[in-house]
Amino acid sequence: MADLQSKLESILRDATVAALGDAYADADPLVTPAKDARFGDYQANLAMGLAKRAGRKPREIAEAIVRHLGHDALSKADVAGPGFINLTLNDALLSGQAASMLRDDRLGVEAVADPQTVVIDYASPNLAKEMHIGHLRSTIIGDAIARVLGFQGQHIIRQNHIGDWGTQFGLLLEHLIDTDWQHSADQTIGDLNALYQEASRREDNDADFARRARQRVVALQSGDEQARTIWKLLIGESVRHMNQVFDRLGVQLTDADLAPESFYNDRLASVVDALDQQGLLHDHKGAKAVFVDGFKDRDGNPLPMAVRKADGGFGYPATDLAAVYYRIDELHADRVIYVVDSRQKDHFAQFFQVARQAGWAGDGVRLEHVGFGTIMGKDRKPFKTRTGEIVKLGDVLDEAVERAAQVVAAKNPELDNARRDAIARVVGIGAVKYADLSNDRIKDYVFDWDRMLALEGNTAPYLIYAYVRIRSIFRKGGVDPASVAGASVVLTDPTERALILKLSQLPRVIESVADSLEPHRLCTYLYEVASLYHQFNHTCPVLKAEDAATRDSRLALSWLVARTLKLGLGLLGIGVVEQM
Ligand code: ARG
């Protein structure tokens, strides 16, 4: 099923060819939803651009196109201003579109004809520490992107590139071996956290300890048995803890998606060799480095990216080179997406460039760094606890659920405790995720409990509540939603028209999120849908509609809204509830 905008685009393309000739078959009609419903449903802005090409006035071009429109999908088409074409669709077309969406499991979003293999690297925490607020954004933005692309029908490969191999393990291992640590089954991540803090304090105050810790990493990476044994215990405990957090967050990562840094250990040397064979490797201050095209250091000299350190060790860049090679060569990625803090922007730009220079990533492969800003406290500084400590993710989720329980209890005091808590889990976790996803990801945002849990505004509780209200209309009327799926949708009020137009934009929105990798576009859209539904509810009685046909039509429209909200929230990794 083509969406309305695509239908309009093809109508305009035909009219343009009819008006100006075959040479104009490639012209983009530049159709956009109208900003003001008084002027129509859509606007086409191609005349201004074509005027230059045709050597005629824009208005003249626009009028010529309009004369050739004569299509029964349109009830009105006129030219405004310098040459904007305002378009109003036929009611029958809108009703038909609503009916097709109702019948379609995917609400009009067609699966892609030619699926790509998309590798998405997200969450990817450094282990040995408890999950904290700094891990939230990559985890939920990455998960939303994976869901959206997966819904499109792309072949998704999730990669949780956990840091299980770096210097933090040297510190921890050295400290544990030094203090004759014994593993016990009830060891929790909380204990590990404390041990890690002790170790890093020692590093700061004891140069000899710091030196031994560095050696310990080398021992670990070269297979030392004692180091390996303890390391495995630490990793096991960290992964167990990480999975608990993922589970509470409703994130789709499992152990099958683990692709730890250590996984690439055996591949590092051959990747560096491959660069060497291509003559890309140079000596730089004792290290082996690639000079990255297009990058300069502060003094304007070519910028080196060290792939093998002077002590023979490999670092973060080498691991990422091995990983990108693996993802393209063995996982056959068409697109590799890295959801990582914007502060690592240069790192990604550089190793992407090296992968291009080395010929691993051809023109057909898209490498993308999906960067994001920092979560701030109300004081506009990076979010910390009241005592200035790093905020644990588990604590955030606990507090979200507690606060949501209060909101739910205030809204509906009749709910029993068990039901209230179940609802609070969905709403509370959803609120935290939505507050994050609804912001332009590149920007920092302020973590604000009251705002994210508000029942008004662009929040998860508002959207979930809109869904709940629709469910309750059906409950109250004793109507089974399936019974209105075949209803014909009639247009009796401008709010119905606005709603159908908005609902029919879903395929476009999904496409734009998939391309820009900006989940906030979907949030904005869902908020618009819910707001329009709110207006519709205000003017159009549903159960008390004047006649049975109007009632069924409005129920059908309500059901489309509910399904759109549920699907859209689901693509953001947020659930809905039936009651609230
Ligand atoms: N573990 C890294 C960190 O915490 C993030 C890894 C992101 N993925 C990657 N392929 N570099 O900074």
# chains A, B, ... in the order shown; residues from 1 in each chain; ligands from 1
>>> select_by_dssp(residues="range 363-548 of chain A", states="alpha helix (DSSP H)", output="number ranges by chain")
A: 393-411, 417-437, 449-452, 460-477, 494-503, 506-516, 520-539, 548
>>> residues_near_ligand(ligand="ligand 1", cutoff="7 Å", atoms="only C-alpha atoms and all ligand atoms", output="short mmCIF file (atom, residue, chain, number, x, y, z; two decimals) with N, CA and C atoms, in the first residue's frame")
data_model
loop_
_atom_site.label_atom_id
_atom_site.label_comp_id
_atom_site.auth_asym_id
_atom_site.auth_seq_id
_atom_site.Cartn_x
_atom_site.Cartn_y
_atom_site.Cartn_z
N ASP A 121 26.27 -1.65 16.87
CA ASP A 121 27.13 -1.76 18.04
C ASP A 121 26.55 -0.82 19.09
N TYR A 122 25.99 -1.39 20.15
CA TYR A 122 25.42 -0.50 21.18
C TYR A 122 25.50 -1.12 22.57
N SER A 124 27.58 -1.74 24.89
CA SER A 124 29.05 -1.83 24.89
C SER A 124 29.73 -1.21 26.12
N PRO A 125 29.27 -1.54 27.33
CA PRO A 125 29.91 -0.93 28.49
C PRO A 125 31.30 -1.52 28.76
N ASN A 126 32.12 -0.75 29.44
CA ASN A 126 33.33 -1.32 29.99
C ASN A 126 32.96 -2.08 31.24
N HIS A 161 29.72 -4.65 22.22
CA HIS A 161 31.20 -4.62 22.19
C HIS A 161 31.73 -4.28 23.59
N ILE A 162 31.50 -5.20 24.52
CA ILE A 162 31.88 -4.90 25.90
C ILE A 162 33.39 -4.76 26.07
N GLY A 163 33.77 -3.84 26.93
CA GLY A 163 35.18 -3.65 27.23
C GLY A 163 35.59 -4.61 28.33
N ASP A 320 39.08 -1.76 17.29
CA ASP A 320 38.00 -1.30 16.42
C ASP A 320 38.29 -1.57 14.95
N TYR A 338 27.45 2.62 14.99
CA TYR A 338 28.07 2.65 16.31
C TYR A 338 27.35 3.68 17.17
N VAL A 340 27.56 5.52 20.19
CA VAL A 340 28.57 5.83 21.20
C VAL A 340 28.61 7.34 21.43
#
>>> closest_residue(among="A:Asp14, A:Asp41, A:Asp255, A:Asp114", to="Ile65 in chain A", atoms="only C-alpha atoms")
A:Asp14
>>> closest_residue(among="A:Leu503, A:Leu565, A:Ala99, A:Val391", to="Cys523 in chain A", atoms="only C-alpha atoms")
A:Leu565
>>> select_by_dssp(residues="range 29-114 of chain A", states="strand (DSSP E)", output="PyMOL selection string")
chain A and resi 31-33+42-44+74-80+84-89
>>> closest_residue(among="A:Asp293, A:Asp416, A:Asp421, A:Asp299", to="Arg356 in chain A", atoms="only C-alpha atoms")
A:Asp293
